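Asker: Sharing final.cif, mmCIF, C-alpha atoms:
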data_coords
loop_
_atom_site.label_atom_id
_atom_site.label_comp_id
_atom_site.auth_asym_id
_atom_site.auth_seq_id
_atom_site.Cartn_x
_atom_site.Cartn_y
_atom_site.Cartn_z
CA GLY A 10 106.49 123.65 -79.94
CA ASP A 11 107.75 121.80 -76.90
CA SER A 12 108.72 124.38 -74.25
CA THR A 13 111.16 121.87 -72.71
CA SER A 14 113.14 121.52 -75.93
CA LEU A 15 116.00 123.63 -77.30
CA SER A 16 114.81 127.17 -78.03
CA GLY A 17 116.51 127.38 -81.43
CA ASN A 18 118.88 125.54 -83.75
CA TYR A 19 121.33 128.36 -84.52
CA VAL A 20 123.66 127.74 -81.56
CA TRP A 21 126.26 130.44 -80.94
CA ALA A 22 127.64 129.74 -77.42
CA LEU A 23 127.90 126.82 -74.97
CA LEU A 24 128.72 126.61 -71.26
CA GLU A 25 128.70 123.80 -68.69
CA ASP A 26 128.24 125.26 -65.21
CA HIS A 27 129.18 124.01 -61.73
CA LYS A 28 125.88 122.12 -61.48
CA LYS A 29 126.74 120.23 -64.69
CA ASN A 30 123.89 121.97 -66.48
CA LEU A 31 124.55 122.91 -70.09
CA TRP A 32 123.69 126.45 -71.19
CA VAL A 33 122.99 126.86 -74.89
CA GLY A 34 123.00 130.36 -76.34
CA THR A 35 121.40 130.86 -79.71
CA TRP A 36 121.33 133.58 -82.31
CA GLY A 37 117.87 135.13 -82.12
CA ALA A 38 116.09 132.41 -80.14
CA GLY A 39 117.25 133.11 -76.60
CA LEU A 40 118.98 130.96 -74.02
CA SER A 41 118.30 127.37 -72.96
CA ARG A 42 119.51 125.47 -69.90
CA PHE A 43 119.75 121.69 -70.28
CA ASP A 44 119.38 119.56 -67.15
CA PRO A 45 121.12 116.19 -67.73
CA GLN A 46 119.07 114.58 -64.94
CA THR A 47 115.66 115.35 -66.44
CA GLN A 48 116.87 115.58 -70.05
CA ARG A 49 114.81 118.76 -70.40
CA PHE A 50 115.53 122.34 -71.37
CA THR A 51 114.46 125.51 -69.57
CA ARG A 52 114.11 128.50 -71.87
CA TYR A 53 115.00 132.12 -71.19
CA ARG A 54 113.99 134.99 -73.45
CA PRO A 55 113.74 138.76 -73.17
CA ILE A 56 110.38 139.99 -71.87
CA PRO A 57 109.38 143.57 -72.77
CA GLY A 58 109.17 145.68 -69.64
CA ASP A 59 110.79 143.06 -67.39
CA SER A 60 114.25 144.21 -66.27
CA THR A 61 114.90 140.85 -64.57
CA ALA A 62 114.60 138.92 -67.83
CA LEU A 63 117.35 138.14 -70.34
CA ALA A 64 118.55 141.26 -72.20
CA SER A 65 118.44 139.87 -75.72
CA ALA A 66 117.40 136.82 -77.74
CA THR A 67 120.87 136.76 -79.29
CA ILE A 68 123.67 135.30 -77.17
CA LEU A 69 127.25 136.18 -78.09
CA CYS A 70 129.25 134.53 -75.27
CA MET A 71 128.95 133.04 -71.77
CA THR A 72 131.01 132.20 -68.72
CA GLU A 73 130.51 131.53 -64.99
CA ASP A 74 131.91 133.58 -62.10
CA HIS A 75 133.38 132.26 -58.86
CA GLN A 76 130.01 132.59 -57.11
CA GLY A 77 128.24 130.38 -59.64
CA LYS A 78 126.47 133.18 -61.49
CA ILE A 79 126.05 132.72 -65.22
CA LEU A 80 127.35 135.70 -67.20
CA VAL A 81 125.71 136.10 -70.58
CA GLY A 82 127.00 138.48 -73.22
CA THR A 83 124.44 139.88 -75.65
CA PRO A 84 124.25 142.76 -78.15
CA ASP A 85 122.13 144.59 -75.56
CA GLY A 86 124.23 144.25 -72.44
CA LEU A 87 125.68 141.84 -69.90
CA SER A 88 123.00 139.66 -68.28
CA CYS A 89 123.97 137.91 -65.03
CA PHE A 90 121.82 134.94 -63.98
CA ASP A 91 121.51 134.06 -60.30
CA TYR A 92 120.30 130.55 -59.43
CA ALA A 93 119.09 131.80 -56.04
CA THR A 94 116.54 134.17 -57.57
CA ASN A 95 116.13 132.58 -61.02
CA ARG A 96 116.44 136.12 -62.39
CA PHE A 97 118.85 138.18 -64.44
CA VAL A 98 120.55 141.47 -63.61
CA THR A 99 121.61 143.32 -66.76
CA PHE A 100 124.34 145.94 -67.16
CA THR A 101 124.27 148.31 -70.14
CA GLU A 102 125.79 151.64 -71.15
CA ARG A 103 123.42 153.26 -68.65
CA ASN A 104 125.37 151.50 -65.92
CA GLY A 105 128.69 152.79 -67.25
CA ILE A 106 129.84 149.95 -69.48
CA ALA A 107 131.82 151.16 -72.51
CA ASN A 108 129.56 149.46 -75.04
CA GLN A 109 126.70 147.05 -74.53
CA SER A 110 127.65 144.62 -77.31
CA ILE A 111 129.41 142.07 -75.08
CA ASN A 112 131.71 140.03 -77.32
CA SER A 113 133.82 138.20 -74.72
CA ILE A 114 133.73 137.73 -70.94
CA VAL A 115 136.52 136.77 -68.54
CA VAL A 116 136.45 136.54 -64.72
CA ASP A 117 139.73 137.20 -62.91
CA LYS A 118 140.90 135.63 -59.65
CA HIS A 119 139.33 138.47 -57.66
CA ASN A 120 135.94 137.74 -59.29
CA SER A 121 136.04 141.01 -61.22
CA ILE A 122 134.36 140.73 -64.61
CA TRP A 123 136.21 141.85 -67.73
CA VAL A 124 134.25 142.26 -70.96
CA ALA A 125 135.51 142.99 -74.46
CA THR A 126 133.05 145.01 -76.52
CA ASN A 127 132.66 146.87 -79.79
CA TYR A 128 134.19 149.91 -78.08
CA GLY A 129 137.01 148.77 -75.85
CA VAL A 130 137.25 146.73 -72.65
CA SER A 131 135.32 147.27 -69.40
CA ARG A 132 135.96 145.90 -65.92
CA LEU A 133 133.13 145.47 -63.43
CA ASP A 134 134.09 145.58 -59.77
CA LYS A 135 131.58 143.23 -58.14
CA GLN A 136 131.86 144.97 -54.75
CA THR A 137 131.27 148.52 -55.94
CA GLN A 138 129.19 147.59 -59.01
CA LEU A 139 131.18 150.23 -60.92
CA PHE A 140 132.76 149.92 -64.36
CA ARG A 141 136.21 151.09 -65.42
CA ASN A 142 136.57 151.44 -69.19
CA TYR A 143 139.74 151.02 -71.27
CA THR A 144 140.37 152.20 -74.84
CA VAL A 145 143.18 152.46 -77.37
CA SER A 146 144.79 155.20 -75.27
CA ASP A 147 145.29 152.58 -72.53
CA GLY A 148 147.17 150.29 -74.95
CA LEU A 149 144.41 148.18 -76.51
CA GLN A 150 145.12 146.63 -79.92
CA GLY A 151 142.03 148.31 -81.30
CA ILE A 152 138.61 149.52 -80.30
CA GLU A 153 136.64 146.45 -81.47
CA PHE A 154 137.01 142.90 -80.19
CA ALA A 155 136.01 139.56 -81.70
CA GLN A 156 133.19 137.44 -80.32
CA GLY A 157 134.32 134.64 -78.02
CA VAL A 158 138.04 135.24 -78.56
CA CYS A 159 139.34 135.26 -74.99
CA ALA A 160 141.30 133.16 -72.51
CA VAL A 161 142.91 133.13 -69.06
CA ASP A 162 146.24 131.37 -68.59
CA SER A 163 147.62 129.58 -65.53
CA ARG A 164 149.21 132.81 -64.27
CA GLY A 165 145.89 134.64 -64.39
CA ARG A 166 146.76 136.74 -67.43
CA ILE A 167 143.82 137.69 -69.63
CA TYR A 168 143.79 137.45 -73.43
CA PHE A 169 141.38 139.34 -75.68
CA GLY A 170 141.56 139.21 -79.48
CA GLY A 171 140.33 141.76 -81.98
CA ASP A 172 140.79 143.17 -85.44
CA GLY A 173 144.22 144.57 -84.54
CA GLY A 174 145.76 141.57 -82.76
CA ILE A 175 145.75 140.28 -79.19
CA ASN A 176 145.90 142.11 -75.88
CA ILE A 177 147.58 140.22 -73.02
CA PHE A 178 147.59 141.67 -69.52
CA ASP A 179 147.76 140.79 -65.85
CA PRO A 180 144.69 142.26 -64.10
CA ASP A 181 146.75 142.91 -60.96
CA SER A 182 149.09 145.15 -62.94
CA VAL A 183 146.28 147.32 -64.29
CA LYS A 184 146.22 150.22 -61.86
CA ASP A 185 144.17 153.38 -61.96
CA ASN A 186 146.10 156.63 -61.75
CA PRO A 187 145.07 158.19 -58.40
CA PHE A 188 146.44 161.59 -59.40
CA VAL A 189 143.71 164.08 -60.24
CA PRO A 190 145.24 167.09 -61.98
CA SER A 191 144.16 170.51 -60.82
CA VAL A 192 142.20 172.69 -63.24
CA ARG A 193 143.68 176.07 -64.06
CA ILE A 194 142.35 178.79 -66.34
CA THR A 195 145.30 180.39 -68.13
CA ARG A 196 143.48 182.49 -70.70
CA MET A 197 140.00 183.94 -70.98
CA LYS A 198 137.93 186.17 -73.24
CA VAL A 199 134.83 188.15 -72.26
CA MET A 200 132.69 189.60 -75.05
CA GLU A 201 135.39 188.48 -77.52
CA ARG A 202 138.03 190.58 -75.75
CA PRO A 203 140.98 189.34 -73.65
CA PHE A 204 140.18 189.34 -69.94
CA SER A 205 142.99 189.81 -67.44
CA LEU A 206 143.31 187.07 -64.82
CA ALA A 207 146.10 188.84 -62.94
CA ASN A 208 143.95 190.03 -60.04
CA VAL A 209 141.54 187.13 -59.85
CA SER A 210 141.21 185.67 -56.33
CA ASP A 211 140.58 182.08 -55.31
CA GLU A 212 136.99 183.02 -54.53
CA GLY A 213 136.13 183.30 -58.22
CA ILE A 214 135.44 185.81 -60.94
CA GLU A 215 132.68 188.39 -60.84
CA LEU A 216 131.34 189.83 -64.11
CA ASN A 217 128.84 192.55 -64.86
CA TYR A 218 125.38 191.53 -65.97
CA ASP A 219 126.10 192.58 -69.54
CA GLN A 220 129.33 190.55 -69.69
CA ASN A 221 127.37 187.46 -70.61
CA PHE A 222 129.50 185.96 -73.40
CA ILE A 223 132.70 184.12 -72.38
#
Just give me the structure as structure tokens.

Answerer:
Amino acid sequence: GDSTSLSGNYVWALLEDHKKNLWVGTWGAGLSRFDPQTQRFTRYRPIPGDSTALASATILCMTEDHQGKILVGTPDGLSCFDYATNRFVTFTERNGIANQSINSIVVDKHNSIWVATNYGVSRLDKQTQLFRNYTVSDGLQGIEFAQGVCAVDSRGRIYFGGDGGINIFDPDSVKDNPFVPSVRITRMKVMERPFSLANVSDEGIELNYDQNFI
């Protein structure tokens, strides 16, 4: 077929970027970028062994960050396209994201990326390139979120929808707890017998060579 045409007909996501190009995400046929000046499409697909290619041929959602990078959510990770290099950088569970099925993407006013997945919400700090993951214990409506169900209001609050309702939060109010609790051993058994900790020093515990079952 014509390589400058749309890569597939099953269209799942659309995005117009700051250059007025239209990105068309399909289900199973990759990603296409339509240039209104030339009336042609450029196709992007995953390439086995190429980490700078698109992560998956299935596109679940898309948005653009404040630096003009195209953020593409797929079942296999978050692929970030950079016009300057014409390449993708992909984040997966190996990079610390909670789950690599990226169902929704939102960029906050600080250019941090928030993604809703099949296992909670993750925030990517663009400066540190580190993820912070949030689950039901942090107040989420549920563990799984719907594809493309997200919004940002005029006050900067983020909305994510899932199978248990909607989560609404202000990114500035989401603070990490800096307190790291100390670890204390209050009870211990050695060779299935109670071991006294009364005279244990801060330097540690020394056991005999045959005390090898704790």

Asker: For region 37-152 of chain A versus region 10-20 of chain A, which residues have an atom no more than 8 Å away, and what is each residue's nearest atom pair and distance in Å rounded to one decimal, using only C-alpha atoms, chain-then-number order, as CSV?

Answerer:
residue,atom,partner,partner_atom,distance
A:Gly37,CA,A:Gly17,CA,7.9
A:Ala38,CA,A:Gly17,CA,5.2
A:Gly39,CA,A:Ser16,CA,6.6
A:Leu40,CA,A:Ser16,CA,6.9
A:Ser41,CA,A:Ser16,CA,6.2
A:Arg49,CA,A:Thr13,CA,5.3
A:Phe50,CA,A:Thr13,CA,4.6
A:Thr51,CA,A:Thr13,CA,5.8
A:Arg52,CA,A:Ser16,CA,6.3

Asker: Would you put the residues from that selection into a file with C-alpha atoms, as a compact mmCIF listing (two decimals), in the coordinates of the input?

Answerer:
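Final file, part_35.txt:
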# COMPACT_ATOMS: atom_id res chain seq x y z
CA GLY A 37 117.87 135.13 -82.12
CA ALA A 38 116.09 132.41 -80.14
CA GLY A 39 117.25 133.11 -76.60
CA LEU A 40 118.98 130.96 -74.02
CA SER A 41 118.30 127.37 -72.96
CA ARG A 49 114.81 118.76 -70.40
CA PHE A 50 115.53 122.34 -71.37
CA THR A 51 114.46 125.51 -69.57
CA ARG A 52 114.11 128.50 -71.87

Asker: Tell me which residues the PyMOL selection byres ((chain A and resi 158) around 12) grabs here, as number ranges by chain.

Answerer: A: 22, 69-71, 111-115, 124-126, 153-157, 159-161, 167-172, 174-176

Asker: Selected residues, C-alpha atoms, written as an mmCIF file, keeping the file's coordinate frame, please.

Answerer:
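What landed in result04.cif:
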data_model
loop_
_atom_site.group_PDB
_atom_site.id
_atom_site.type_symbol
_atom_site.label_atom_id
_atom_site.label_comp_id
_atom_site.auth_asym_id
_atom_site.auth_seq_id
_atom_site.Cartn_x
_atom_site.Cartn_y
_atom_site.Cartn_z
ATOM 1 C CA ALA A 22 127.640 129.740 -77.420
ATOM 2 C CA LEU A 69 127.250 136.180 -78.090
ATOM 3 C CA CYS A 70 129.250 134.530 -75.270
ATOM 4 C CA MET A 71 128.950 133.040 -71.770
ATOM 5 C CA ILE A 111 129.410 142.070 -75.080
ATOM 6 C CA ASN A 112 131.710 140.030 -77.320
ATOM 7 C CA SER A 113 133.820 138.200 -74.720
ATOM 8 C CA ILE A 114 133.730 137.730 -70.940
ATOM 9 C CA VAL A 115 136.520 136.770 -68.540
ATOM 10 C CA VAL A 124 134.250 142.260 -70.960
ATOM 11 C CA ALA A 125 135.510 142.990 -74.460
ATOM 12 C CA THR A 126 133.050 145.010 -76.520
ATOM 13 C CA GLU A 153 136.640 146.450 -81.470
ATOM 14 C CA PHE A 154 137.010 142.900 -80.190
ATOM 15 C CA ALA A 155 136.010 139.560 -81.700
ATOM 16 C CA GLN A 156 133.190 137.440 -80.320
ATOM 17 C CA GLY A 157 134.320 134.640 -78.020
ATOM 18 C CA CYS A 159 139.340 135.260 -74.990
ATOM 19 C CA ALA A 160 141.300 133.160 -72.510
ATOM 20 C CA VAL A 161 142.910 133.130 -69.060
ATOM 21 C CA ILE A 167 143.820 137.690 -69.630
ATOM 22 C CA TYR A 168 143.790 137.450 -73.430
ATOM 23 C CA PHE A 169 141.380 139.340 -75.680
ATOM 24 C CA GLY A 170 141.560 139.210 -79.480
ATOM 25 C CA GLY A 171 140.330 141.760 -81.980
ATOM 26 C CA ASP A 172 140.790 143.170 -85.440
ATOM 27 C CA GLY A 174 145.760 141.570 -82.760
ATOM 28 C CA ILE A 175 145.750 140.280 -79.190
ATOM 29 C CA ASN A 176 145.900 142.110 -75.880
#

Asker: Go ahead and compute the interatomic distance for CA of Thr99 (chain A) and CA of Thr137 (chain A), in Å to one decimal.

Answerer: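 Value for the CA of Thr99 (chain A)-CA of Thr137 (chain A) distance: 15.4 Å.
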
Asker: How many Å lie between CA of Asn217 (chain A) and CA of Arg193 (chain A), rounded to one decimal?

Answerer: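 Those two atoms sit 22.2 Å apart.
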
Asker: Can you list, as a ChimeraX atom specification, the residues that the PyMOL selection byres ((chain A and resi 147) around 12) selects here?

Answerer: /A:129-131,141-146,148-152,176,178,183-186

Asker: Supply region 111-147 of chain A as a short mmCIF file (atom, residue, chain, number, x, y, z; two decimals), in the coordinates of the input, with N, CA and C atoms built in where the input has gaps.

Answerer:
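Written file, result.cif:
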data_model
loop_
_atom_site.label_atom_id
_atom_site.label_comp_id
_atom_site.auth_asym_id
_atom_site.auth_seq_id
_atom_site.Cartn_x
_atom_site.Cartn_y
_atom_site.Cartn_z
N ILE A 111 128.44 142.82 -75.88
CA ILE A 111 129.41 142.07 -75.08
C ILE A 111 129.94 140.89 -75.89
N ASN A 112 131.16 141.04 -76.42
CA ASN A 112 131.71 140.03 -77.32
C ASN A 112 132.47 138.91 -76.62
N SER A 113 133.09 139.21 -75.49
CA SER A 113 133.82 138.20 -74.72
C SER A 113 133.75 138.57 -73.24
N ILE A 114 133.79 137.53 -72.39
CA ILE A 114 133.73 137.73 -70.94
C ILE A 114 134.81 136.88 -70.27
N VAL A 115 135.53 137.49 -69.34
CA VAL A 115 136.52 136.77 -68.54
C VAL A 115 136.35 137.20 -67.08
N VAL A 116 136.49 136.25 -66.16
CA VAL A 116 136.45 136.54 -64.72
C VAL A 116 137.84 136.33 -64.15
N ASP A 117 138.39 137.35 -63.47
CA ASP A 117 139.73 137.20 -62.91
C ASP A 117 139.67 136.55 -61.53
N LYS A 118 140.83 136.37 -60.92
CA LYS A 118 140.90 135.63 -59.65
C LYS A 118 140.25 136.39 -58.50
N HIS A 119 140.02 137.68 -58.68
CA HIS A 119 139.33 138.47 -57.66
C HIS A 119 137.82 138.53 -57.90
N ASN A 120 137.36 137.80 -58.90
CA ASN A 120 135.94 137.74 -59.29
C ASN A 120 135.47 139.03 -59.96
N SER A 121 136.41 139.86 -60.39
CA SER A 121 136.04 141.01 -61.22
C SER A 121 135.75 140.52 -62.63
N ILE A 122 134.78 141.15 -63.27
CA ILE A 122 134.36 140.73 -64.61
C ILE A 122 134.96 141.67 -65.65
N TRP A 123 135.64 141.09 -66.62
CA TRP A 123 136.21 141.85 -67.73
C TRP A 123 135.44 141.50 -69.00
N VAL A 124 134.98 142.51 -69.71
CA VAL A 124 134.25 142.26 -70.96
C VAL A 124 134.91 143.03 -72.10
N ALA A 125 135.02 142.36 -73.25
CA ALA A 125 135.51 142.99 -74.46
C ALA A 125 134.30 143.31 -75.34
N THR A 126 134.24 144.53 -75.83
CA THR A 126 133.05 145.01 -76.52
C THR A 126 133.39 145.54 -77.91
N ASN A 127 132.43 146.20 -78.50
CA ASN A 127 132.66 146.87 -79.79
C ASN A 127 133.30 148.25 -79.60
N TYR A 128 133.55 148.62 -78.34
CA TYR A 128 134.19 149.91 -78.08
C TYR A 128 135.08 149.81 -76.86
N GLY A 129 136.05 148.90 -76.92
CA GLY A 129 137.01 148.77 -75.85
C GLY A 129 136.67 147.68 -74.85
N VAL A 130 137.38 147.72 -73.72
CA VAL A 130 137.25 146.73 -72.65
C VAL A 130 136.73 147.42 -71.39
N SER A 131 135.85 146.74 -70.66
CA SER A 131 135.32 147.27 -69.40
C SER A 131 135.54 146.25 -68.29
N ARG A 132 135.82 146.76 -67.10
CA ARG A 132 135.96 145.90 -65.92
C ARG A 132 134.89 146.28 -64.90
N LEU A 133 134.15 145.26 -64.45
CA LEU A 133 133.13 145.47 -63.43
C LEU A 133 133.66 145.01 -62.08
N ASP A 134 133.73 145.92 -61.14
CA ASP A 134 134.09 145.58 -59.77
C ASP A 134 132.83 145.09 -59.07
N LYS A 135 132.80 143.82 -58.69
CA LYS A 135 131.58 143.23 -58.14
C LYS A 135 131.19 143.87 -56.81
N GLN A 136 132.17 144.38 -56.05
CA GLN A 136 131.86 144.97 -54.75
C GLN A 136 131.22 146.35 -54.90
N THR A 137 131.79 147.16 -55.79
CA THR A 137 131.27 148.52 -55.94
C THR A 137 130.20 148.63 -57.02
N GLN A 138 130.12 147.58 -57.88
CA GLN A 138 129.19 147.59 -59.01
C GLN A 138 129.49 148.74 -59.99
N LEU A 139 130.76 149.14 -60.03
CA LEU A 139 131.18 150.23 -60.92
C LEU A 139 132.06 149.68 -62.04
N PHE A 140 131.96 150.32 -63.21
CA PHE A 140 132.76 149.92 -64.36
C PHE A 140 133.95 150.87 -64.52
N ARG A 141 135.05 150.30 -64.98
CA ARG A 141 136.21 151.09 -65.42
C ARG A 141 136.44 150.71 -66.88
N ASN A 142 136.47 151.69 -67.76
CA ASN A 142 136.57 151.44 -69.19
C ASN A 142 137.97 151.72 -69.71
N TYR A 143 138.41 150.90 -70.69
CA TYR A 143 139.74 151.02 -71.27
C TYR A 143 139.62 151.11 -72.79
N THR A 144 140.42 151.99 -73.39
CA THR A 144 140.37 152.20 -74.84
C THR A 144 141.77 152.09 -75.44
N VAL A 145 141.89 152.52 -76.68
CA VAL A 145 143.18 152.46 -77.37
C VAL A 145 144.24 153.27 -76.63
N SER A 146 143.83 154.36 -76.00
CA SER A 146 144.79 155.20 -75.27
C SER A 146 145.39 154.47 -74.07
N ASP A 147 144.76 153.38 -73.63
CA ASP A 147 145.29 152.58 -72.53
C ASP A 147 146.15 151.43 -73.04
#
